[in-house]
Amino acid sequence: MRIINIKQIVFVIAISSLIVSCKKDEVKPTTNESYNIPTTYTFNDVLSKSTVDFSGQKTRLVMLEHIGNLMGGLTPVTESTLLNMFDGSGFTEDSLNTSGKRLSDKTAASIDYFTSNLGEKNEILDAFKKQLKEAEITTNANVDASEGKAGSYMDGTKKRYFSANGLEPQQVFLKGMMGACLLDQTLNSYLSSTKLDGGSTKTDNTNRVFVSGKNYTDMEHFWDEAYGYFFGNDNLNANPAVYKYWSSYINQVDVDPDFSAVKENIINAFIKGRAAITNKDYDTRDTQIAIIKKEMSKVVAVRAVYYMNEGKTKLATNKGMAAFHALSEGYGFIWSLRFTQNPDTKLPYFSKEEVKSLLDRLMGGKNGLYDVDYLNIELDKIDQDIATRFGFTVGQAIDATK
């Protein structure tokens, strides 16, 4: 009997060890088994009240739209008016003037890239102010744009204004701001580990400590603000739906069969990451951050290559100023490469110096874009350099619709 009891004891101990071992391997269940992930960016509290807030981002998107409309419109506008709007005042919509929001203070202002890089930040701000100055529509309103002379031309029913070097200030400003403000704030501030995990942000989220007077944590709100810079001014209730800025260009890249998963990847990562934050699943959150940074950086590169090629095609068919319109868009997207982030290196896919080199090469001919012979050679090289860095071909990028 004593021998049998010993065997039983040994057997029980062995089984117990196996159970403990299994439990250790199963401590962290898979994401889908631990919490629900919605199919849209919709998050509510127990009272069915939304916990999503990106009102500040929507305000800045509307401000950008107002400035862009004036820069590209038919109404004369002064440099001082545009500069005031850039700094948050002078809008015809009073709610924008009293919002306390400014585009200028969120331009080249990310935690990851510019907290200790004020010299470059000021250089970038000066470059944007230069485009606002170039867009001043006064004495040159009725002057035909020509080599070495700022002026306008009619593109169908649309009057466009060009600098003496052929660049269109409105397009350079808008596409550049999409990078230096909207993209930089999203990838390099609101999705920065410094912001999401710094101070008491992570502890408060883990303990479900809400922002005073709100029904969400700081971390949830930061994530919403990142989402808002991309999708905050879309109108999905319109027919057809209206998509603005990065949201529009994500769609345009997504229709290209070579990049057909980009929109789903970005939106799903935002949704899954937000759900992960609420459920304190920080590993999943970080995985989604990497997806967003990689996919959005790719969108920038694809559009840069696309517009460079579109400009080249129009130059070949003698559509001079229409070509300059496309090349100006491409210029802005190339500039935006400075604000991308490779999640593996935590650095932009193209450094400040590399972006400057690309732009200098684009504008390196006599009187900038007017040197068509120079451009026809250089554009292919620029496209190839960008595509190679991101691992796609020029042919894949130019399949995308306009």
# chains A, B, ... in the order shown; residues from 1 in each chain; ligands from 1
call {"tool": "closest_atom_pairs", "arguments": {"of": "region 265-331 of chain A", "to": "region 152-176 of chain A", "cutoff": "7 Å", "atoms": "only C-alpha atoms", "output": "Markdown table"}}
result
| residue | atom | partner | partner_atom | distance |
| --- | --- | --- | --- | --- |
| A:Phe324 | CA | A:Gly166 | CA | 6.2 |
| A:His325 | CA | A:Glu168 | CA | 6.2 |
| A:Ser328 | CA | A:Leu167 | CA | 5.4 |
| A:Glu329 | CA | A:Gln171 | CA | 5.4 |
| A:Tyr331 | CA | A:Val172 | CA | 6.4 |
call {"tool": "residues_around", "arguments": {"residues": "Gln185 (chain A)", "least_positions_apart": "6", "cutoff": "9 Å", "atoms": "only C-alpha atoms", "output": "PyMOL selection string"}}
result
chain A and resi 106-111+179+191+226+229+339
call {"tool": "select_by_dssp", "arguments": {"residues": "region 56-157 of chain A", "states": "alpha helix (DSSP H)", "output": "count of residues only"}}
result
49
call {"tool": "closest_residue", "arguments": {"among": "A:Asn215, A:Asn36, A:Asn205, A:Thr388", "to": "Ser50 (chain A)", "atoms": "only C-alpha atoms"}}
result
A:Asn215
call {"tool": "residues_around", "arguments": {"residues": "Gln396 (chain A)", "least_positions_apart": "2", "cutoff": "9 Å", "atoms": "only C-alpha atoms", "output": "list of chain:residue names"}}
result
A:Asp256, A:Pro257, A:Asp258, A:Phe259, A:Val302, A:Phe392, A:Thr393, A:Val394, A:Ile398, A:Asp399, A:Ala400
call {"tool": "write_last_selection", "arguments": {"atoms": "N, CA, C and O atoms", "output": "mmCIF file, in the first residue's frame"}}
result
data_model
loop_
_atom_site.group_PDB
_atom_site.id
_atom_site.type_symbol
_atom_site.label_atom_id
_atom_site.label_comp_id
_atom_site.auth_asym_id
_atom_site.auth_seq_id
_atom_site.Cartn_x
_atom_site.Cartn_y
_atom_site.Cartn_z
ATOM 1 N N ASP A 256 -5.029 51.861 -56.707
ATOM 2 C CA ASP A 256 -3.971 51.217 -57.483
ATOM 3 C C ASP A 256 -3.869 49.762 -57.019
ATOM 4 O O ASP A 256 -3.650 49.502 -55.835
ATOM 5 N N PRO A 257 -4.024 48.790 -57.913
ATOM 6 C CA PRO A 257 -3.968 47.374 -57.507
ATOM 7 C C PRO A 257 -2.692 46.998 -56.764
ATOM 8 O O PRO A 257 -2.694 46.075 -55.942
ATOM 9 N N ASP A 258 -1.609 47.721 -57.026
ATOM 10 C CA ASP A 258 -0.346 47.410 -56.358
ATOM 11 C C ASP A 258 -0.332 47.837 -54.895
ATOM 12 O O ASP A 258 0.517 47.397 -54.120
ATOM 13 N N PHE A 259 -1.269 48.707 -54.514
ATOM 14 C CA PHE A 259 -1.324 49.204 -53.136
ATOM 15 C C PHE A 259 -2.740 49.115 -52.585
ATOM 16 O O PHE A 259 -3.152 49.922 -51.746
ATOM 17 N N VAL A 302 4.443 57.268 -52.800
ATOM 18 C CA VAL A 302 3.717 56.914 -54.030
ATOM 19 C C VAL A 302 3.185 58.173 -54.710
ATOM 20 O O VAL A 302 3.287 58.327 -55.934
ATOM 21 N N PHE A 392 9.161 49.812 -53.954
ATOM 22 C CA PHE A 392 8.215 49.593 -55.046
ATOM 23 C C PHE A 392 8.830 50.129 -56.338
ATOM 24 O O PHE A 392 9.904 50.754 -56.311
ATOM 25 N N THR A 393 8.179 49.901 -57.460
ATOM 26 C CA THR A 393 8.701 50.379 -58.728
ATOM 27 C C THR A 393 7.975 51.650 -59.149
ATOM 28 O O THR A 393 6.856 51.922 -58.697
ATOM 29 N N VAL A 394 8.613 52.412 -60.023
ATOM 30 C CA VAL A 394 7.970 53.614 -60.554
ATOM 31 C C VAL A 394 6.690 53.237 -61.274
ATOM 32 O O VAL A 394 5.658 53.901 -61.152
ATOM 33 N N ILE A 398 2.784 54.853 -60.645
ATOM 34 C CA ILE A 398 2.080 55.685 -61.625
ATOM 35 C C ILE A 398 0.812 55.031 -62.111
ATOM 36 O O ILE A 398 0.063 55.623 -62.894
ATOM 37 N N ASP A 399 0.512 53.831 -61.628
ATOM 38 C CA ASP A 399 -0.776 53.209 -61.942
ATOM 39 C C ASP A 399 -1.904 53.848 -61.152
ATOM 40 O O ASP A 399 -3.086 53.689 -61.494
ATOM 41 N N ALA A 400 -1.561 54.561 -60.078
ATOM 42 C CA ALA A 400 -2.599 55.129 -59.212
ATOM 43 C C ALA A 400 -3.386 56.198 -59.956
ATOM 44 O O ALA A 400 -2.858 56.911 -60.787
#
call {"tool": "atom_distance", "arguments": {"atom1": "CA of Arg274 (chain A)", "atom2": "CA of Ile292 (chain A)"}}
result
12.5 Å
call {"tool": "residues_around", "arguments": {"residues": "Lys356 (chain A)", "least_positions_apart": "4", "cutoff": "8 Å", "atoms": "only C-alpha atoms", "output": "list in words"}}
result
Trp335, Lys352 and Asp360 of chain A
call {"tool": "write_last_selection", "arguments": {"atoms": "all heavy atoms", "output": "PDB file, in the first residue's frame"}}
result
ATOM      1  N   TRP A 335       8.776  67.136 -50.272  1.00  0.00           N
ATOM      2  CA  TRP A 335       9.057  67.844 -49.027  1.00  0.00           C
ATOM      3  C   TRP A 335       8.497  67.072 -47.835  1.00  0.00           C
ATOM      4  O   TRP A 335       9.115  66.966 -46.773  1.00  0.00           O
ATOM      5  CB  TRP A 335       8.431  69.233 -49.112  1.00  0.00           C
ATOM      6  CG  TRP A 335       8.884  70.231 -48.097  1.00  0.00           C
ATOM      7  CD1 TRP A 335       9.834  70.055 -47.127  1.00  0.00           C
ATOM      8  CD2 TRP A 335       8.406  71.569 -47.953  1.00  0.00           C
ATOM      9  NE1 TRP A 335       9.974  71.204 -46.376  1.00  0.00           N
ATOM     10  CE2 TRP A 335       9.107  72.154 -46.874  1.00  0.00           C
ATOM     11  CE3 TRP A 335       7.455  72.330 -48.617  1.00  0.00           C
ATOM     12  CZ2 TRP A 335       8.882  73.453 -46.448  1.00  0.00           C
ATOM     13  CZ3 TRP A 335       7.237  73.633 -48.191  1.00  0.00           C
ATOM     14  CH2 TRP A 335       7.943  74.191 -47.131  1.00  0.00           C
ATOM     15  N   LYS A 352      16.578  65.171 -43.779  1.00  0.00           N
ATOM     16  CA  LYS A 352      16.502  66.577 -44.181  1.00  0.00           C
ATOM     17  C   LYS A 352      17.414  66.837 -45.370  1.00  0.00           C
ATOM     18  O   LYS A 352      17.016  67.484 -46.355  1.00  0.00           O
ATOM     19  CB  LYS A 352      16.896  67.464 -43.003  1.00  0.00           C
ATOM     20  CG  LYS A 352      17.126  68.923 -43.361  1.00  0.00           C
ATOM     21  CD  LYS A 352      17.761  69.688 -42.212  1.00  0.00           C
ATOM     22  CE  LYS A 352      18.139  71.109 -42.630  1.00  0.00           C
ATOM     23  NZ  LYS A 352      18.813  71.844 -41.526  1.00  0.00           N
ATOM     24  N   ASP A 360      16.385  70.278 -54.681  1.00  0.00           N
ATOM     25  CA  ASP A 360      17.373  71.061 -55.435  1.00  0.00           C
ATOM     26  C   ASP A 360      17.535  70.499 -56.844  1.00  0.00           C
ATOM     27  O   ASP A 360      17.684  71.266 -57.811  1.00  0.00           O
ATOM     28  CB  ASP A 360      18.723  71.048 -54.718  1.00  0.00           C
ATOM     29  CG  ASP A 360      18.742  71.930 -53.472  1.00  0.00           C
ATOM     30  OD1 ASP A 360      17.802  72.731 -53.298  1.00  0.00           O
ATOM     31  OD2 ASP A 360      19.695  71.795 -52.674  1.00  0.00           O
TER      32      ASP A 360
END
call {"tool": "atom_distance", "arguments": {"atom1": "CA of Lys58 (chain A)", "atom2": "CA of Asn233 (chain A)"}}
result
5.4 Å
call {"tool": "closest_residue", "arguments": {"among": "A:Val305, A:Leu187, A:Leu347, A:Val372", "to": "Ile291 (chain A)", "atoms": "only C-alpha atoms"}}
result
A:Leu187
call {"tool": "residues_around", "arguments": {"residues": "region 79-83 of chain A", "least_positions_apart": "2", "cutoff": "8 Å", "atoms": "only C-alpha atoms", "output": "PDB file with all heavy atoms, in the first residue's frame"}}
result
ATOM      1  N   ILE A  67      -7.241  78.718 -46.049  1.00  0.00           N
ATOM      2  CA  ILE A  67      -6.021  79.330 -46.588  1.00  0.00           C
ATOM      3  C   ILE A  67      -5.784  78.864 -48.019  1.00  0.00           C
ATOM      4  O   ILE A  67      -5.469  79.669 -48.908  1.00  0.00           O
ATOM      5  CB  ILE A  67      -4.811  78.990 -45.702  1.00  0.00           C
ATOM      6  CG1 ILE A  67      -4.972  79.621 -44.318  1.00  0.00           C
ATOM      7  CG2 ILE A  67      -3.513  79.478 -46.352  1.00  0.00           C
ATOM      8  CD1 ILE A  67      -3.899  79.214 -43.322  1.00  0.00           C
ATOM      9  N   VAL A  77      -5.607  88.692 -52.660  1.00  0.00           N
ATOM     10  CA  VAL A  77      -5.335  88.478 -51.242  1.00  0.00           C
ATOM     11  C   VAL A  77      -3.918  88.947 -50.955  1.00  0.00           C
ATOM     12  O   VAL A  77      -3.011  88.791 -51.785  1.00  0.00           O
ATOM     13  CB  VAL A  77      -5.507  86.989 -50.856  1.00  0.00           C
ATOM     14  CG1 VAL A  77      -4.554  86.091 -51.624  1.00  0.00           C
ATOM     15  CG2 VAL A  77      -5.325  86.798 -49.360  1.00  0.00           C
ATOM     16  N   MET A  85      -3.811  84.335 -41.018  1.00  0.00           N
ATOM     17  CA  MET A  85      -4.579  83.091 -40.981  1.00  0.00           C
ATOM     18  C   MET A  85      -3.701  81.926 -40.560  1.00  0.00           C
ATOM     19  O   MET A  85      -4.130  81.048 -39.796  1.00  0.00           O
ATOM     20  CB  MET A  85      -5.221  82.845 -42.350  1.00  0.00           C
ATOM     21  CG  MET A  85      -6.287  83.877 -42.712  1.00  0.00           C
ATOM     22  SD  MET A  85      -6.831  83.774 -44.437  1.00  0.00           S
ATOM     23  CE  MET A  85      -7.808  82.257 -44.378  1.00  0.00           C
ATOM     24  N   PHE A  86      -2.474  81.910 -41.035  1.00  0.00           N
ATOM     25  CA  PHE A  86      -1.522  80.872 -40.634  1.00  0.00           C
ATOM     26  C   PHE A  86      -1.317  80.889 -39.123  1.00  0.00           C
ATOM     27  O   PHE A  86      -1.121  79.848 -38.489  1.00  0.00           O
ATOM     28  CB  PHE A  86      -0.201  81.099 -41.367  1.00  0.00           C
ATOM     29  CG  PHE A  86       0.810  79.995 -41.219  1.00  0.00           C
ATOM     30  CD1 PHE A  86       0.471  78.662 -41.426  1.00  0.00           C
ATOM     31  CD2 PHE A  86       2.119  80.286 -40.895  1.00  0.00           C
ATOM     32  CE1 PHE A  86       1.407  77.641 -41.299  1.00  0.00           C
ATOM     33  CE2 PHE A  86       3.074  79.286 -40.764  1.00  0.00           C
ATOM     34  CZ  PHE A  86       2.714  77.960 -40.969  1.00  0.00           C
ATOM     35  N   ASP A  87      -1.413  82.097 -38.527  1.00  0.00           N
ATOM     36  CA  ASP A  87      -1.249  82.254 -37.079  1.00  0.00           C
ATOM     37  C   ASP A  87      -2.570  82.252 -36.324  1.00  0.00           C
ATOM     38  O   ASP A  87      -2.621  82.577 -35.131  1.00  0.00           O
ATOM     39  CB  ASP A  87      -0.492  83.539 -36.771  1.00  0.00           C
ATOM     40  CG  ASP A  87       1.001  83.397 -37.031  1.00  0.00           C
ATOM     41  OD1 ASP A  87       1.523  82.280 -36.875  1.00  0.00           O
ATOM     42  OD2 ASP A  87       1.640  84.398 -37.396  1.00  0.00           O
ATOM     43  N   GLY A  90      -8.073  86.250 -38.671  1.00  0.00           N
ATOM     44  CA  GLY A  90      -8.373  86.822 -39.975  1.00  0.00           C
ATOM     45  C   GLY A  90      -9.255  85.962 -40.856  1.00  0.00           C
ATOM     46  O   GLY A  90      -9.427  86.263 -42.050  1.00  0.00           O
ATOM     47  N   LYS A 129       6.150  80.490 -44.930  1.00  0.00           N
ATOM     48  CA  LYS A 129       5.805  81.911 -45.030  1.00  0.00           C
ATOM     49  C   LYS A 129       6.219  82.472 -46.385  1.00  0.00           C
ATOM     50  O   LYS A 129       5.537  83.363 -46.937  1.00  0.00           O
ATOM     51  CB  LYS A 129       6.472  82.671 -43.881  1.00  0.00           C
ATOM     52  CG  LYS A 129       5.873  82.342 -42.520  1.00  0.00           C
ATOM     53  CD  LYS A 129       6.627  83.028 -41.386  1.00  0.00           C
ATOM     54  CE  LYS A 129       6.043  82.628 -40.038  1.00  0.00           C
ATOM     55  NZ  LYS A 129       6.787  83.256 -38.897  1.00  0.00           N
ATOM     56  N   LEU A 132       3.477  81.720 -48.747  1.00  0.00           N
ATOM     57  CA  LEU A 132       2.360  82.636 -48.527  1.00  0.00           C
ATOM     58  C   LEU A 132       2.647  83.993 -49.170  1.00  0.00           C
ATOM     59  O   LEU A 132       1.753  84.625 -49.744  1.00  0.00           O
ATOM     60  CB  LEU A 132       2.090  82.798 -47.033  1.00  0.00           C
ATOM     61  CG  LEU A 132       1.608  81.540 -46.305  1.00  0.00           C
ATOM     62  CD1 LEU A 132       1.477  81.807 -44.803  1.00  0.00           C
ATOM     63  CD2 LEU A 132       0.290  81.037 -46.866  1.00  0.00           C
ATOM     64  N   LYS A 133       3.884  84.427 -49.089  1.00  0.00           N
ATOM     65  CA  LYS A 133       4.268  85.685 -49.734  1.00  0.00           C
ATOM     66  C   LYS A 133       4.156  85.551 -51.253  1.00  0.00           C
ATOM     67  O   LYS A 133       3.663  86.448 -51.943  1.00  0.00           O
ATOM     68  CB  LYS A 133       5.694  86.071 -49.341  1.00  0.00           C
ATOM     69  CG  LYS A 133       6.211  87.336 -50.019  1.00  0.00           C
ATOM     70  CD  LYS A 133       7.613  87.667 -49.564  1.00  0.00           C
ATOM     71  CE  LYS A 133       8.167  88.872 -50.302  1.00  0.00           C
ATOM     72  NZ  LYS A 133       7.365  90.086 -50.109  1.00  0.00           N
ATOM     73  N   GLU A 134       4.632  84.412 -51.777  1.00  0.00           N
ATOM     74  CA  GLU A 134       4.579  84.180 -53.223  1.00  0.00           C
ATOM     75  C   GLU A 134       3.144  84.137 -53.732  1.00  0.00           C
ATOM     76  O   GLU A 134       2.876  84.441 -54.897  1.00  0.00           O
ATOM     77  CB  GLU A 134       5.282  82.858 -53.565  1.00  0.00           C
ATOM     78  CG  GLU A 134       6.774  82.834 -53.318  1.00  0.00           C
ATOM     79  CD  GLU A 134       7.561  83.591 -54.363  1.00  0.00           C
ATOM     80  OE1 GLU A 134       6.992  83.903 -55.419  1.00  0.00           O
ATOM     81  OE2 GLU A 134       8.752  83.876 -54.113  1.00  0.00           O
ATOM     82  N   ALA A 135       2.223  83.765 -52.853  1.00  0.00           N
ATOM     83  CA  ALA A 135       0.817  83.613 -53.262  1.00  0.00           C
ATOM     84  C   ALA A 135       0.054  84.923 -53.224  1.00  0.00           C
ATOM     85  O   ALA A 135      -1.131  84.956 -53.547  1.00  0.00           O
ATOM     86  CB  ALA A 135       0.118  82.586 -52.377  1.00  0.00           C
ATOM     87  N   GLU A 136       0.709  86.012 -52.797  1.00  0.00           N
ATOM     88  CA  GLU A 136       0.014  87.294 -52.734  1.00  0.00           C
ATOM     89  C   GLU A 136      -0.518  87.667 -54.119  1.00  0.00           C
ATOM     90  O   GLU A 136       0.245  87.788 -55.085  1.00  0.00           O
ATOM     91  CB  GLU A 136       0.965  88.377 -52.232  1.00  0.00           C
ATOM     92  CG  GLU A 136       0.300  89.715 -52.065  1.00  0.00           C
ATOM     93  CD  GLU A 136       1.242  90.752 -51.453  1.00  0.00           C
ATOM     94  OE1 GLU A 136       2.316  90.997 -52.047  1.00  0.00           O
ATOM     95  OE2 GLU A 136       0.903  91.284 -50.390  1.00  0.00           O
TER      96      GLU A 136
END
call {"tool": "atom_distance", "arguments": {"atom1": "CA of Tyr249 (chain A)", "atom2": "CA of Ile267 (chain A)"}}
result
13.5 Å
call {"tool": "residues_around", "arguments": {"residues": "Thr345 (chain A)", "least_positions_apart": "4", "cutoff": "12 Å", "atoms": "only C-alpha atoms", "output": "list in words"}}
result
Ala290, Lys293, Lys294, Thr340, Gln341, Tyr349 and Phe350 of chain A
call {"tool": "select_by_dssp", "arguments": {"residues": "region 132-349 of chain A", "states": "strand (DSSP E or B)", "output": "short mmCIF file (atom, residue, chain, number, x, y, z; two decimals) with N, CA, C and O atoms, in the first residue's frame"}}
result
data_model
loop_
_atom_site.label_atom_id
_atom_site.label_comp_id
_atom_site.auth_asym_id
_atom_site.auth_seq_id
_atom_site.Cartn_x
_atom_site.Cartn_y
_atom_site.Cartn_z
N ILE A 137 -1.80 87.81 -54.22
CA ILE A 137 -2.45 88.06 -55.51
C ILE A 137 -2.88 89.52 -55.55
O ILE A 137 -3.95 89.89 -55.09
N ASP A 144 0.31 87.37 -67.23
CA ASP A 144 0.53 85.98 -67.64
C ASP A 144 1.83 85.46 -67.05
O ASP A 144 2.88 86.11 -67.16
N SER A 146 5.19 83.58 -66.82
CA SER A 146 6.19 83.26 -67.84
C SER A 146 7.53 83.05 -67.17
O SER A 146 7.69 83.32 -65.97
N LYS A 149 8.97 85.32 -64.42
CA LYS A 149 7.95 86.31 -64.06
C LYS A 149 6.76 85.62 -63.40
O LYS A 149 6.15 84.72 -63.98
N GLY A 151 2.99 85.15 -62.17
CA GLY A 151 1.73 85.51 -62.78
C GLY A 151 0.75 84.37 -62.78
O GLY A 151 0.93 83.39 -62.03
N SER A 152 -0.27 84.46 -63.60
CA SER A 152 -1.35 83.49 -63.58
C SER A 152 -1.60 82.92 -64.97
O SER A 152 -1.11 83.44 -65.98
N TYR A 153 -2.36 81.85 -64.99
CA TYR A 153 -2.87 81.33 -66.26
C TYR A 153 -4.18 80.63 -65.97
O TYR A 153 -4.45 80.20 -64.85
N MET A 154 -5.01 80.54 -66.99
CA MET A 154 -6.31 79.88 -66.84
C MET A 154 -6.19 78.42 -67.23
O MET A 154 -5.81 78.10 -68.36
N ASP A 155 -6.47 77.54 -66.29
CA ASP A 155 -6.49 76.10 -66.53
C ASP A 155 -7.95 75.70 -66.62
O ASP A 155 -8.57 75.33 -65.63
N LYS A 158 -10.24 77.44 -64.10
CA LYS A 158 -9.49 77.65 -62.86
C LYS A 158 -8.27 78.53 -63.12
O LYS A 158 -7.43 78.20 -63.95
N LYS A 159 -8.19 79.66 -62.44
CA LYS A 159 -7.01 80.50 -62.53
C LYS A 159 -5.99 80.04 -61.50
O LYS A 159 -6.31 79.87 -60.32
N ARG A 160 -4.78 79.81 -61.96
CA ARG A 160 -3.71 79.36 -61.07
C ARG A 160 -2.59 80.39 -61.08
O ARG A 160 -2.30 81.00 -62.11
N TYR A 161 -1.92 80.51 -59.96
CA TYR A 161 -0.86 81.50 -59.79
C TYR A 161 0.47 80.80 -59.60
O TYR A 161 0.58 79.83 -58.84
N PHE A 162 1.48 81.31 -60.29
CA PHE A 162 2.80 80.68 -60.28
C PHE A 162 3.88 81.69 -59.93
O PHE A 162 3.80 82.86 -60.31
N ASN A 235 -16.54 63.92 -44.79
CA ASN A 235 -17.99 63.91 -44.66
C ASN A 235 -18.52 62.66 -45.35
O ASN A 235 -18.75 62.66 -46.56
N VAL A 242 -17.22 62.92 -49.02
CA VAL A 242 -16.14 63.89 -49.21
C VAL A 242 -14.95 63.49 -48.34
O VAL A 242 -15.10 63.29 -47.14
N ASN A 342 10.22 55.75 -40.39
CA ASN A 342 10.44 54.31 -40.50
C ASN A 342 10.32 53.72 -39.10
O ASN A 342 11.13 54.05 -38.23
N LEU A 347 13.46 56.97 -37.68
CA LEU A 347 13.96 58.10 -38.45
C LEU A 347 13.13 58.26 -39.72
O LEU A 347 12.48 57.31 -40.16
#
call {"tool": "residues_around", "arguments": {"residues": "His66 (chain A)", "least_positions_apart": "5", "cutoff": "9 Å", "atoms": "only C-alpha atoms", "output": "list in words"}}
result
Leu61, Met71, Met85, Phe91 and Thr92 of chain A
call {"tool": "write_last_selection", "arguments": {"atoms": "N, CA and C atoms", "output": "mmCIF file, in the first residue's frame"}}
result
data_model
loop_
_atom_site.group_PDB
_atom_site.id
_atom_site.type_symbol
_atom_site.label_atom_id
_atom_site.label_comp_id
_atom_site.auth_asym_id
_atom_site.auth_seq_id
_atom_site.Cartn_x
_atom_site.Cartn_y
_atom_site.Cartn_z
ATOM 1 N N LEU A 61 -7.789 71.461 -39.867
ATOM 2 C CA LEU A 61 -8.035 71.053 -41.249
ATOM 3 C C LEU A 61 -8.900 72.074 -41.976
ATOM 4 N N MET A 71 -5.455 81.091 -51.487
ATOM 5 C CA MET A 71 -4.222 81.047 -52.279
ATOM 6 C C MET A 71 -4.494 80.643 -53.725
ATOM 7 N N MET A 85 -3.811 84.335 -41.018
ATOM 8 C CA MET A 85 -4.579 83.091 -40.981
ATOM 9 C C MET A 85 -3.701 81.926 -40.560
ATOM 10 N N PHE A 91 -9.851 84.930 -40.294
ATOM 11 C CA PHE A 91 -10.755 84.071 -41.067
ATOM 12 C C PHE A 91 -12.131 84.725 -41.170
ATOM 13 N N THR A 92 -12.838 84.430 -42.239
ATOM 14 C CA THR A 92 -14.206 84.932 -42.365
ATOM 15 C C THR A 92 -15.163 84.155 -41.479
#
call {"tool": "closest_residue", "arguments": {"among": "A:Gln252, A:Leu337, A:Thr278, A:Lys263", "to": "Ala397 (chain A)", "atoms": "only C-alpha atoms"}}
result
A:Gln252
